[in-house]
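The structure appears below as structure tokens.
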There are 2 protein chains.
Amino acid sequence: MSSDASPAPAKTPVTLREVAAAAGVSVATASKALNGLGRMTAETRERIRETAQRLGFRPNSLAQSLLRRRSFTVGLLTNDTYGRFSLPVMSGISDALVDKGVSVFLCNVEDDQRLGQLHVDAMLDKRVDGIIATGKRIDRHLPVDLSNLGVPVIYAFTQPDPGAIAFVSDDAGGARLAVEHFCRLGRRRIAHVTGPASFAVVHARAQAYRDVLTEKGLPVMEPLLGSWSEAWGHEAVKKLFDRKGEKPDAVFCGNDQIARGVIDALRERGLDVPDDVGVIGFDNWQIVAEATRPPLTSVDMNLAALGREAGLTLLSLVGGEPAEPGIRKLPCRLVVRQSCGRPPGG
Amino acid sequence: MSSDASPAPAKTPVTLREVAAAAGVSVATASKALNGLGRMTAETRERIRETAQRLGFRPNSLAQSLLRRRSFTVGLLTNDTYGRFSLPVMSGISDALVDKGVSVFLCNVEDDQRLGQLHVDAMLDKRVDGIIATGKRIDRHLPVDLSNLGVPVIYAFTQPDPGAIAFVSDDAGGARLAVEHFCRLGRRRIAHVTGPASFAVVHARAQAYRDVLTEKGLPVMEPLLGSWSEAWGHEAVKKLFDRKGEKPDAVFCGNDQIARGVIDALRERGLDVPDDVGVIGFDNWQIVAEATRPPLTSVDMNLAALGREAGLTLLSLVGGEPAEPGIRKLPCRLVVRQSCGRPPGG
DNA sequence: CGCGATTGGGAAAAGGTTTTCTCAGAGGAA
DNA sequence: TTCCTCTGAGAAAACCTTTTCCCAATCGCG
């Protein structure tokens, strides 16, 4: 009965030299044995493997990186520490990379140029294989210059440099999803309440909203632009329902907070959601979407998938494979809960 | 007029050897010149410095780390990718470390033991100087074993191993802050609506709530335990205000979502906040606290400061300075908005 | 002018791994 | 037995920087 060789957690890491000595071979042979390279008897290889195992040998990644000029490390730059947008993106990136042995440096640069330079320099010094930039807005640059860095750069959910590779959500497509869903449910007077004109996504979504309604031959109500807040949702309901003429039977909102405000305001007016008015939000911020009464149908930007895609693309770039520059729009999906109603026959 | 030597962004990084060659000295001298060590004429030093500057030399951190046995890198383990608790913690950690040239590996281990091991191994292979563990609950372990790793470990806002160093928020202190504030404002019948009994913080805060009221000679109403949701806030108001006897004139809530539910429910009953009933939340989740009507007074756990503290402590540990094991509770602070009312004379 | 001390700078090892080259010995063929 | 070809394994260079030791030249002083 062989005693179980528990690989003692090394206080001081075991080196290849020690493994080689213990196995009675040279470091060269030990290296080749563990990497499955070189030529040697099966017994020798196995003996070295066992010795390494027993000693708890793990190759020093710094030494490997130095030699290979590849650190299995990427930098993730963001200016959205607290936000809920870049987080799923980060998570997706990390997910995509961990299995390939790649670790991620998280660098929050706020909106501070000095901090940005500091982080970029630190990343470059540490010889990251590549950099992913992400942010809280799709139409704003990070406060850093990422051109000519000598390592591949990918932009994910932030404004890219011209000629770069970027992944963003397809906001127009997401808006279509929502409006078309309302159409399918038989809604005829669909309003759009959204954020400030300073956001590019506001225009992209509003245009898609108009396009769908025009295609379907439904009346287009001019989108109401305001802030991204619940309060604006309240106010917008007042504007929509106090004016004379036909009232909307559906409201497509630019984010979930606005939608929350809209739903609350409708209820306060005695209007039923979804029977009288259907509501769809944007972002699918779970904690908000599930707290509205009734739970909110919302457009999800698939940010984790976006991050995953960005991570994999960066890796292929690092591997030397070519990739077309340009902006890739990834599709959104509609998460149907109860605020939009059921099909007429349903 | 000297032409401005623009440090050309190196496609392939410049090495010390190249700097030395360009300056006509040995690498040893170049190294010493740039690090302010050794003895040489001021001119030599300056010439080397200029050459390095001109060539855009930046020392290869991997080589330095290999030699110094210090990577200026720490790992941050979390199981709270989407959550709002560990984010401020992370931000604080990163803030504290970036100025010391230390970068942070962000590792999301979800609740997956395999993933945890994967990340820990990767971090160890990359020779992190230390590890910080953080999570979404103060009373749950991460799914990883961090004992005997050979590098210092600090716990921040997660359940520590015995004998480890941990930073957590002082939940009892935070609760005292809230309840004492109500007392100062002259509220006499203060209720407590909080989360499920399975959370340690629920008990800590509830006990502090009882303690303060007892100290002040005010009636203690048994805390209402439920879920962390708005819906529970609604329900709790029903329980509190439908029963006979005196009604509360203040409600201290276990988190901001509950508080939001409470405020909405009170308004629906025609009760004024803060005139009839004061409300204080917990967590100071800005986006919720500022969306309630009126804006919510809430206890802030100072998580960024907690993270900063954890980061600095880890660094001192890495530097070889000793530190007492144990759990350090960091104070909360009360962020006063409008839901709690003003002093009687105010 | 002779001697010791100082000065300016270089050679080399170290850190841990990978990879190319080299080489000793064994085996086979003639 | 001699020559040639494999086979198994080791030596050494390379990656890039830091640091210790060392050496040649200069300086000061008697």
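Identifiers for the structure tokens are assigned positionally: chains receive A, B, ... in sequence, residues are indexed from 1 per chain, and ligands are indexed from 1 in the order shown.
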
Give the alpha helix (DSSP H) residues of stretch 30-81 of chain A, as DSSP finds them on the backbone, and put them as a PyMOL selection string.
chain A and resi 30-35+42-55+61-68

Export of the given selection (C-alpha atoms) as a PDB file, in the first residue's frame:
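What landed in result_21.pdb:
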ATOM      1  CA  ALA A  30      13.270  17.641 -16.792  1.00  0.00           C
ATOM      2  CA  SER A  31      11.815  20.474 -18.826  1.00  0.00           C
ATOM      3  CA  LYS A  32      11.371  18.298 -21.855  1.00  0.00           C
ATOM      4  CA  ALA A  33       9.862  15.495 -19.839  1.00  0.00           C
ATOM      5  CA  LEU A  34       7.224  17.741 -18.325  1.00  0.00           C
ATOM      6  CA  ASN A  35       6.427  19.416 -21.615  1.00  0.00           C
ATOM      7  CA  ALA A  42       9.277   6.261 -21.035  1.00  0.00           C
ATOM      8  CA  GLU A  43      10.577   5.397 -17.591  1.00  0.00           C
ATOM      9  CA  THR A  44      12.671   8.523 -17.358  1.00  0.00           C
ATOM     10  CA  ARG A  45       9.776  10.690 -18.394  1.00  0.00           C
ATOM     11  CA  GLU A  46       7.457   9.061 -15.944  1.00  0.00           C
ATOM     12  CA  ARG A  47       9.957   9.279 -13.120  1.00  0.00           C
ATOM     13  CA  ILE A  48      10.406  12.984 -13.709  1.00  0.00           C
ATOM     14  CA  ARG A  49       6.673  13.500 -13.872  1.00  0.00           C
ATOM     15  CA  GLU A  50       6.187  11.727 -10.616  1.00  0.00           C
ATOM     16  CA  THR A  51       8.950  13.657  -8.942  1.00  0.00           C
ATOM     17  CA  ALA A  52       7.469  16.940 -10.088  1.00  0.00           C
ATOM     18  CA  GLN A  53       4.076  15.875  -8.852  1.00  0.00           C
ATOM     19  CA  ARG A  54       5.443  14.763  -5.515  1.00  0.00           C
ATOM     20  CA  LEU A  55       7.326  17.992  -4.985  1.00  0.00           C
ATOM     21  CA  SER A  61       5.232  31.800 -15.090  1.00  0.00           C
ATOM     22  CA  LEU A  62       7.481  34.845 -14.965  1.00  0.00           C
ATOM     23  CA  ALA A  63      10.433  32.889 -16.262  1.00  0.00           C
ATOM     24  CA  GLN A  64       8.334  31.317 -18.971  1.00  0.00           C
ATOM     25  CA  SER A  65       6.910  34.633 -20.013  1.00  0.00           C
ATOM     26  CA  LEU A  66      10.299  36.236 -20.154  1.00  0.00           C
ATOM     27  CA  LEU A  67      11.514  33.604 -22.530  1.00  0.00           C
ATOM     28  CA  ARG A  68       8.409  33.208 -24.633  1.00  0.00           C
TER      29      ARG A  68
END

Select residues of chain B: the criterion is any atom within 8 Å of an atom of chain A, counting only C-alpha atoms; output as a ChimeraX atom specification.
/B:9-12,58-63,65-66,81-82,84,87-88,91,94,98,101,103-108,118-119,122-123,125-127,148-150,229-231,291

Residue contacts of C:DG8 (9 Å, only C-alpha atoms (C1' of nucleotides)) excluding same-chain residues fewer than 4 positions away, as a list in words:
Arg39, Met40 and Thr41 of chain B; DA25 of chain D

Generate a file of the selected residues that holds C-alpha atoms (C1' of nucleotides), formatted as a compact mmCIF listing (two decimals), in the first residue's frame.
# COMPACT_ATOMS: atom_id res chain seq x y z
CA ARG B 39 29.05 55.70 -8.75
CA MET B 40 29.68 57.50 -12.00
CA THR B 41 30.12 61.01 -13.27
C1' DA D 25 43.22 54.70 -13.54

Hey, list the chain D side of the contact with chain A: 12 Å cut-off, only C-alpha atoms (C1' of nucleotides), answer as a ChimeraX atom specification.
/D:6-17

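For stretch 88-140 of chain B, backbone-based DSSP assignment of strand (DSSP E or B) covers Ser103, Val104, Phe105, Leu106, Cys107, Asn108, Gly130, Ile131, Ile132, Ala133 and Thr134 of chain B.
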
Can those selected residues be exported to a file as an mmCIF file, in the first residue's frame so that it contains all heavy atoms?
data_model
loop_
_atom_site.group_PDB
_atom_site.id
_atom_site.type_symbol
_atom_site.label_atom_id
_atom_site.label_comp_id
_atom_site.auth_asym_id
_atom_site.auth_seq_id
_atom_site.Cartn_x
_atom_site.Cartn_y
_atom_site.Cartn_z
ATOM 1 N N SER B 103 -0.354 46.029 -9.757
ATOM 2 C CA SER B 103 -1.535 45.758 -10.568
ATOM 3 C C SER B 103 -2.343 44.623 -9.954
ATOM 4 O O SER B 103 -1.824 43.819 -9.198
ATOM 5 C CB SER B 103 -1.126 45.380 -11.988
ATOM 6 O OG SER B 103 -0.338 46.391 -12.566
ATOM 7 N N VAL B 104 -3.607 44.596 -10.316
ATOM 8 C CA VAL B 104 -4.541 43.657 -9.690
ATOM 9 C C VAL B 104 -5.115 42.678 -10.708
ATOM 10 O O VAL B 104 -5.697 43.092 -11.706
ATOM 11 C CB VAL B 104 -5.703 44.425 -9.031
ATOM 12 C CG1 VAL B 104 -6.677 43.460 -8.397
ATOM 13 C CG2 VAL B 104 -5.183 45.414 -8.007
ATOM 14 N N PHE B 105 -4.933 41.405 -10.445
ATOM 15 C CA PHE B 105 -5.616 40.378 -11.229
ATOM 16 C C PHE B 105 -7.015 40.191 -10.679
ATOM 17 O O PHE B 105 -7.181 39.818 -9.523
ATOM 18 C CB PHE B 105 -4.896 39.030 -11.121
ATOM 19 C CG PHE B 105 -3.667 38.932 -11.960
ATOM 20 C CD1 PHE B 105 -2.459 38.589 -11.387
ATOM 21 C CD2 PHE B 105 -3.700 39.157 -13.319
ATOM 22 C CE1 PHE B 105 -1.313 38.481 -12.154
ATOM 23 C CE2 PHE B 105 -2.556 39.066 -14.090
ATOM 24 C CZ PHE B 105 -1.364 38.723 -13.514
ATOM 25 N N LEU B 106 -8.006 40.451 -11.511
ATOM 26 C CA LEU B 106 -9.371 40.227 -11.059
ATOM 27 C C LEU B 106 -9.792 38.812 -11.410
ATOM 28 O O LEU B 106 -9.720 38.405 -12.573
ATOM 29 C CB LEU B 106 -10.323 41.210 -11.725
ATOM 30 C CG LEU B 106 -11.789 40.949 -11.423
ATOM 31 C CD1 LEU B 106 -12.046 41.065 -9.941
ATOM 32 C CD2 LEU B 106 -12.674 41.885 -12.194
ATOM 33 N N CYS B 107 -10.219 38.066 -10.417
ATOM 34 C CA CYS B 107 -10.594 36.679 -10.647
ATOM 35 C C CYS B 107 -11.972 36.417 -10.087
ATOM 36 O O CYS B 107 -12.176 36.423 -8.881
ATOM 37 C CB CYS B 107 -9.603 35.746 -9.970
ATOM 38 S SG CYS B 107 -7.920 35.960 -10.549
ATOM 39 N N ASN B 108 -12.908 36.175 -10.962
ATOM 40 C CA ASN B 108 -14.252 35.873 -10.537
ATOM 41 C C ASN B 108 -14.420 34.366 -10.447
ATOM 42 O O ASN B 108 -14.327 33.660 -11.447
ATOM 43 C CB ASN B 108 -15.250 36.446 -11.537
ATOM 44 C CG ASN B 108 -16.650 36.052 -11.188
ATOM 45 O OD1 ASN B 108 -16.960 35.845 -10.018
ATOM 46 N ND2 ASN B 108 -17.491 35.946 -12.183
ATOM 47 N N GLY B 130 0.508 38.708 -3.253
ATOM 48 C CA GLY B 130 -0.476 38.470 -2.203
ATOM 49 C C GLY B 130 -1.855 38.323 -2.812
ATOM 50 O O GLY B 130 -2.043 38.532 -4.010
ATOM 51 N N ILE B 131 -2.791 37.966 -1.981
ATOM 52 C CA ILE B 131 -4.147 37.719 -2.463
ATOM 53 C C ILE B 131 -5.155 38.396 -1.542
ATOM 54 O O ILE B 131 -5.002 38.367 -0.326
ATOM 55 C CB ILE B 131 -4.428 36.200 -2.526
ATOM 56 C CG1 ILE B 131 -3.540 35.554 -3.596
ATOM 57 C CG2 ILE B 131 -5.897 35.928 -2.788
ATOM 58 C CD1 ILE B 131 -3.714 34.063 -3.723
ATOM 59 N N ILE B 132 -6.145 39.005 -2.141
ATOM 60 C CA ILE B 132 -7.256 39.546 -1.372
ATOM 61 C C ILE B 132 -8.516 38.798 -1.781
ATOM 62 O O ILE B 132 -8.774 38.617 -2.969
ATOM 63 C CB ILE B 132 -7.455 41.048 -1.613
ATOM 64 C CG1 ILE B 132 -6.186 41.809 -1.239
ATOM 65 C CG2 ILE B 132 -8.645 41.563 -0.826
ATOM 66 C CD1 ILE B 132 -6.287 43.301 -1.434
ATOM 67 N N ALA B 133 -9.251 38.358 -0.793
ATOM 68 C CA ALA B 133 -10.497 37.663 -1.067
ATOM 69 C C ALA B 133 -11.650 38.554 -0.686
ATOM 70 O O ALA B 133 -11.674 39.135 0.403
ATOM 71 C CB ALA B 133 -10.567 36.362 -0.272
ATOM 72 N N THR B 134 -12.592 38.689 -1.594
ATOM 73 C CA THR B 134 -13.780 39.456 -1.266
ATOM 74 C C THR B 134 -14.998 38.727 -1.820
ATOM 75 O O THR B 134 -14.857 37.799 -2.615
ATOM 76 C CB THR B 134 -13.701 40.893 -1.815
ATOM 77 O OG1 THR B 134 -14.829 41.638 -1.378
ATOM 78 C CG2 THR B 134 -13.665 40.898 -3.330
#

Write out as a list in words each polymer residue whose atoms come within 9 Å of A:Leu213, counting only C-alpha atoms (C1' of nucleotides); drop sequence neighbours fewer than 5 positions from it.
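In the requested form, the answer reads Val179, Glu180, Cys183, Ile190, Ala208, Leu218, Pro219 and Val220 of chain A.
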
Just-selected residues, all heavy atoms written as a tab-separated table (two decimals), in the first residue's frame:
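Produced file part.tsv, reproduced below:
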chain	number	residue	atom	x	y	z
A	179	VAL	N	-40.12	47.02	-30.24
A	179	VAL	CA	-41.26	47.60	-30.94
A	179	VAL	C	-42.00	46.53	-31.75
A	179	VAL	O	-43.24	46.48	-31.76
A	179	VAL	CB	-40.80	48.76	-31.85
A	179	VAL	CG1	-42.00	49.38	-32.55
A	179	VAL	CG2	-40.05	49.81	-31.03
A	180	GLU	N	-41.23	45.67	-32.39
A	180	GLU	CA	-41.88	44.60	-33.16
A	180	GLU	C	-42.67	43.67	-32.25
A	180	GLU	O	-43.73	43.16	-32.62
A	180	GLU	CB	-40.84	43.81	-33.95
A	180	GLU	CG	-40.34	44.58	-35.18
A	180	GLU	CD	-39.17	43.91	-35.88
A	180	GLU	OE1	-38.64	42.92	-35.32
A	180	GLU	OE2	-38.77	44.38	-36.96
A	183	CYS	N	-45.89	45.24	-31.68
A	183	CYS	CA	-46.74	45.12	-32.88
A	183	CYS	C	-47.38	43.73	-32.92
A	183	CYS	O	-48.57	43.60	-33.17
A	183	CYS	CB	-45.90	45.33	-34.14
A	183	CYS	SG	-45.28	47.03	-34.31
A	190	ILE	N	-47.80	53.14	-30.11
A	190	ILE	CA	-46.61	52.83	-29.30
A	190	ILE	C	-45.76	54.08	-29.12
A	190	ILE	O	-45.36	54.70	-30.11
A	190	ILE	CB	-45.78	51.74	-29.99
A	190	ILE	CG1	-46.67	50.50	-30.23
A	190	ILE	CG2	-44.56	51.38	-29.17
A	190	ILE	CD1	-46.06	49.47	-31.15
A	208	ALA	N	-34.71	53.44	-34.98
A	208	ALA	CA	-35.24	52.09	-35.19
A	208	ALA	C	-36.72	52.04	-34.84
A	208	ALA	O	-37.52	51.41	-35.53
A	208	ALA	CB	-34.45	51.09	-34.34
A	218	LEU	N	-47.92	52.05	-38.74
A	218	LEU	CA	-48.50	52.53	-37.48
A	218	LEU	C	-48.09	53.98	-37.25
A	218	LEU	O	-47.08	54.43	-37.78
A	218	LEU	CB	-48.03	51.66	-36.31
A	218	LEU	CG	-48.54	50.21	-36.34
A	218	LEU	CD1	-47.92	49.41	-35.21
A	218	LEU	CD2	-50.06	50.20	-36.23
A	219	PRO	N	-48.86	54.70	-36.44
A	219	PRO	CA	-48.53	56.10	-36.20
A	219	PRO	C	-47.23	56.23	-35.41
A	219	PRO	O	-46.98	55.51	-34.45
A	219	PRO	CB	-49.72	56.61	-35.37
A	219	PRO	CG	-50.27	55.39	-34.73
A	219	PRO	CD	-50.08	54.28	-35.73
A	220	VAL	N	-46.41	57.17	-35.84
A	220	VAL	CA	-45.16	57.43	-35.13
A	220	VAL	C	-45.35	58.63	-34.22
A	220	VAL	O	-45.68	59.72	-34.67
A	220	VAL	CB	-44.03	57.73	-36.13
A	220	VAL	CG1	-42.76	58.14	-35.37
A	220	VAL	CG2	-43.77	56.55	-37.03

Up to 8 Å from chain A, what residues of chain C turn up? Count only C-alpha atoms (C1' of nucleotides) and give them as a PyMOL selection string.
chain C and resi 16-18

Tell me which protein, DNA and RNA residues are within 8 Å of A:Pro331, counting only C-alpha atoms (C1' of nucleotides), leaving out same-chain ones fewer than 2 positions away, and put them as a compact mmCIF listing (two decimals) with all heavy atoms, in the first residue's frame.
# COMPACT_ATOMS: atom_id res chain seq x y z
N SER A 169 -23.12 46.65 -28.67
CA SER A 169 -24.45 46.06 -28.78
C SER A 169 -25.18 46.70 -29.96
O SER A 169 -24.92 47.85 -30.31
CB SER A 169 -25.22 46.31 -27.48
OG SER A 169 -25.17 47.69 -27.16
N ASP A 170 -26.06 45.96 -30.54
CA ASP A 170 -26.85 46.49 -31.65
C ASP A 170 -28.09 47.16 -31.09
O ASP A 170 -29.16 46.55 -31.00
CB ASP A 170 -27.22 45.35 -32.59
CG ASP A 170 -28.07 45.85 -33.77
OD1 ASP A 170 -28.21 47.08 -33.92
OD2 ASP A 170 -28.58 45.00 -34.51
N GLY A 173 -31.11 47.26 -33.33
CA GLY A 173 -31.73 45.94 -33.36
C GLY A 173 -32.52 45.65 -32.10
O GLY A 173 -33.61 45.08 -32.15
N GLY A 174 -31.96 46.05 -30.97
CA GLY A 174 -32.66 45.85 -29.70
C GLY A 174 -33.97 46.60 -29.67
O GLY A 174 -35.00 46.07 -29.22
N MET A 301 -28.80 43.43 -23.54
CA MET A 301 -27.74 43.68 -24.53
C MET A 301 -26.74 42.54 -24.63
O MET A 301 -25.76 42.65 -25.37
CB MET A 301 -27.04 44.99 -24.20
CG MET A 301 -27.96 46.20 -24.39
SD MET A 301 -27.06 47.75 -24.28
CE MET A 301 -26.96 47.95 -22.52
N ASN A 302 -26.94 41.50 -23.88
CA ASN A 302 -26.03 40.34 -23.97
C ASN A 302 -24.58 40.76 -23.74
O ASN A 302 -23.68 40.37 -24.48
CB ASN A 302 -26.13 39.69 -25.35
CG ASN A 302 -27.36 38.83 -25.48
OD1 ASN A 302 -27.79 38.20 -24.51
ND2 ASN A 302 -27.93 38.81 -26.66
N LYS A 329 -21.47 44.72 -34.42
CA LYS A 329 -22.63 44.87 -33.56
C LYS A 329 -23.18 43.51 -33.19
O LYS A 329 -23.48 42.71 -34.07
CB LYS A 329 -23.70 45.69 -34.27
CG LYS A 329 -23.26 47.12 -34.47
CD LYS A 329 -24.41 48.00 -34.88
CE LYS A 329 -23.87 49.42 -35.06
NZ LYS A 329 -24.87 50.34 -35.58
N ARG A 333 -31.30 40.71 -27.05
CA ARG A 333 -32.42 39.76 -27.00
C ARG A 333 -33.49 40.32 -26.07
O ARG A 333 -33.19 41.09 -25.16
CB ARG A 333 -31.96 38.39 -26.54
CG ARG A 333 -31.65 38.28 -25.07
CD ARG A 333 -31.24 36.84 -24.73
NE ARG A 333 -31.39 36.60 -23.32
CZ ARG A 333 -30.53 36.94 -22.38
NH1 ARG A 333 -29.41 37.58 -22.70
NH2 ARG A 333 -30.75 36.68 -21.11

Within 12 Å of C:DA29, counting only C-alpha atoms (C1' of nucleotides), which residues show up once you throw out same-chain ones fewer than 2 positions away? Write them as an MDAnalysis selection string, please.
(chainID C and resid 27) or (chainID D and resid 1:5)

Store the residues picked out above in a file with all heavy atoms, as a tab-separated table (two decimals), in the first residue's frame.
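Result file follows (selection37.tsv):
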chain	number	residue	atom	x	y	z
C	27	DG	P	22.60	-2.26	-26.77
C	27	DG	OP1	21.47	-2.59	-25.88
C	27	DG	OP2	23.90	-2.94	-26.63
C	27	DG	O5'	22.14	-2.45	-28.28
C	27	DG	C5'	21.16	-1.56	-28.82
C	27	DG	C4'	21.33	-1.48	-30.32
C	27	DG	O4'	22.49	-0.68	-30.62
C	27	DG	C3'	21.57	-2.85	-30.98
C	27	DG	O3'	20.49	-3.12	-31.86
C	27	DG	C2'	22.87	-2.70	-31.76
C	27	DG	C1'	23.10	-1.20	-31.79
C	27	DG	N9	24.50	-0.80	-31.76
C	27	DG	C8	25.41	-1.07	-30.77
C	27	DG	N7	26.60	-0.56	-31.02
C	27	DG	C5	26.46	0.07	-32.24
C	27	DG	C6	27.40	0.79	-33.01
C	27	DG	O6	28.58	1.02	-32.75
C	27	DG	N1	26.84	1.28	-34.18
C	27	DG	C2	25.54	1.09	-34.56
C	27	DG	N2	25.19	1.63	-35.72
C	27	DG	N3	24.65	0.41	-33.86
C	27	DG	C4	25.17	-0.07	-32.71
D	1	DT	P	36.77	-8.04	-31.34
D	1	DT	OP1	37.92	-8.42	-30.52
D	1	DT	OP2	35.59	-7.40	-30.76
D	1	DT	O5'	37.22	-7.17	-32.59
D	1	DT	C5'	38.31	-7.55	-33.39
D	1	DT	C4'	38.26	-6.69	-34.62
D	1	DT	O4'	37.11	-7.09	-35.43
D	1	DT	C3'	38.11	-5.21	-34.32
D	1	DT	O3'	38.88	-4.45	-35.25
D	1	DT	C2'	36.63	-4.96	-34.52
D	1	DT	C1'	36.29	-5.95	-35.63
D	1	DT	N1	34.87	-6.42	-35.60
D	1	DT	C2	34.11	-6.23	-36.69
D	1	DT	O2	34.51	-5.69	-37.70
D	1	DT	N3	32.82	-6.69	-36.59
D	1	DT	C4	32.24	-7.34	-35.50
D	1	DT	O4	31.08	-7.72	-35.50
D	1	DT	C5	33.10	-7.51	-34.37
D	1	DT	C7	32.61	-8.17	-33.12
D	1	DT	C6	34.38	-7.04	-34.45
D	2	DT	P	39.19	-2.90	-34.93
D	2	DT	OP1	40.62	-2.68	-35.25
D	2	DT	OP2	38.63	-2.57	-33.61
D	2	DT	O5'	38.31	-2.19	-36.04
D	2	DT	C5'	38.50	-2.51	-37.42
D	2	DT	C4'	37.46	-1.81	-38.25
D	2	DT	O4'	36.17	-2.45	-38.11
D	2	DT	C3'	37.24	-0.34	-37.87
D	2	DT	O3'	37.17	0.45	-39.05
D	2	DT	C2'	35.93	-0.34	-37.11
D	2	DT	C1'	35.19	-1.48	-37.82
D	2	DT	N1	34.16	-2.15	-37.00
D	2	DT	C2	32.97	-2.47	-37.59
D	2	DT	O2	32.71	-2.24	-38.74
D	2	DT	N3	32.07	-3.11	-36.75
D	2	DT	C4	32.25	-3.44	-35.41
D	2	DT	O4	31.38	-4.00	-34.78
D	2	DT	C5	33.52	-3.05	-34.85
D	2	DT	C7	33.82	-3.34	-33.41
D	2	DT	C6	34.41	-2.43	-35.65
D	3	DC	P	37.33	2.03	-38.97
D	3	DC	OP1	38.45	2.37	-39.89
D	3	DC	OP2	37.36	2.46	-37.56
D	3	DC	O5'	35.98	2.57	-39.62
D	3	DC	C5'	35.44	1.94	-40.78
D	3	DC	C4'	33.95	2.14	-40.82
D	3	DC	O4'	33.31	1.27	-39.87
D	3	DC	C3'	33.49	3.55	-40.49
D	3	DC	O3'	32.73	4.08	-41.55
D	3	DC	C2'	32.68	3.41	-39.21
D	3	DC	C1'	32.22	1.96	-39.30
D	3	DC	N1	31.93	1.35	-37.98
D	3	DC	C2	30.73	0.65	-37.80
D	3	DC	O2	29.92	0.54	-38.74
D	3	DC	N3	30.46	0.07	-36.59
D	3	DC	C4	31.35	0.19	-35.60
D	3	DC	N4	31.06	-0.39	-34.44
D	3	DC	C5	32.58	0.90	-35.75
D	3	DC	C6	32.83	1.45	-36.95
D	4	DC	P	32.32	5.64	-41.54
D	4	DC	OP1	32.60	6.18	-42.89
D	4	DC	OP2	32.89	6.31	-40.34
D	4	DC	O5'	30.74	5.52	-41.36
D	4	DC	C5'	30.05	4.50	-42.07
D	4	DC	C4'	28.64	4.36	-41.51
D	4	DC	O4'	28.69	3.60	-40.29
D	4	DC	C3'	27.99	5.70	-41.16
D	4	DC	O3'	26.70	5.76	-41.74
D	4	DC	C2'	27.92	5.72	-39.64
D	4	DC	C1'	27.86	4.23	-39.32
D	4	DC	N1	28.41	3.89	-37.99
D	4	DC	C2	27.68	3.05	-37.14
D	4	DC	O2	26.58	2.61	-37.52
D	4	DC	N3	28.19	2.72	-35.92
D	4	DC	C4	29.38	3.21	-35.54
D	4	DC	N4	29.84	2.86	-34.35
D	4	DC	C5	30.14	4.07	-36.40
D	4	DC	C6	29.63	4.37	-37.59
D	5	DT	P	25.85	7.12	-41.69
D	5	DT	OP1	25.30	7.36	-43.04
D	5	DT	OP2	26.67	8.15	-41.02
D	5	DT	O5'	24.67	6.71	-40.72
D	5	DT	C5'	24.03	5.44	-40.91
D	5	DT	C4'	23.14	5.14	-39.72
D	5	DT	O4'	23.95	4.77	-38.57
D	5	DT	C3'	22.28	6.32	-39.26
D	5	DT	O3'	20.97	5.85	-38.98
D	5	DT	C2'	22.97	6.80	-37.99
D	5	DT	C1'	23.50	5.47	-37.44
D	5	DT	N1	24.64	5.61	-36.52
D	5	DT	C2	24.63	4.90	-35.34
D	5	DT	O2	23.75	4.17	-35.01
D	5	DT	N3	25.76	5.06	-34.55
D	5	DT	C4	26.86	5.86	-34.83
D	5	DT	O4	27.80	5.93	-34.06
D	5	DT	C5	26.80	6.58	-36.07
D	5	DT	C7	27.92	7.49	-36.47
D	5	DT	C6	25.71	6.44	-36.86

Taken to one decimal, the atom CA of A:Asp256-atom CA of A:Ala197 distance is 17.5 Å

To one decimal place in Å, what is the distance between atom CA of B:Asn255 and atom CA of B:Trp228?
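Computed distance, atom CA of B:Asn255 to atom CA of B:Trp228, equals 6.8 Å.
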
May I have the residues within 10 Å of B:Leu314 as number ranges by chain, using only C-alpha atoms (C1' of nucleotides) and disregarding those fewer than 6 positions away in the same chain?
B: 74, 93, 97, 129-132, 151-155, 165, 308, 320-321, 323
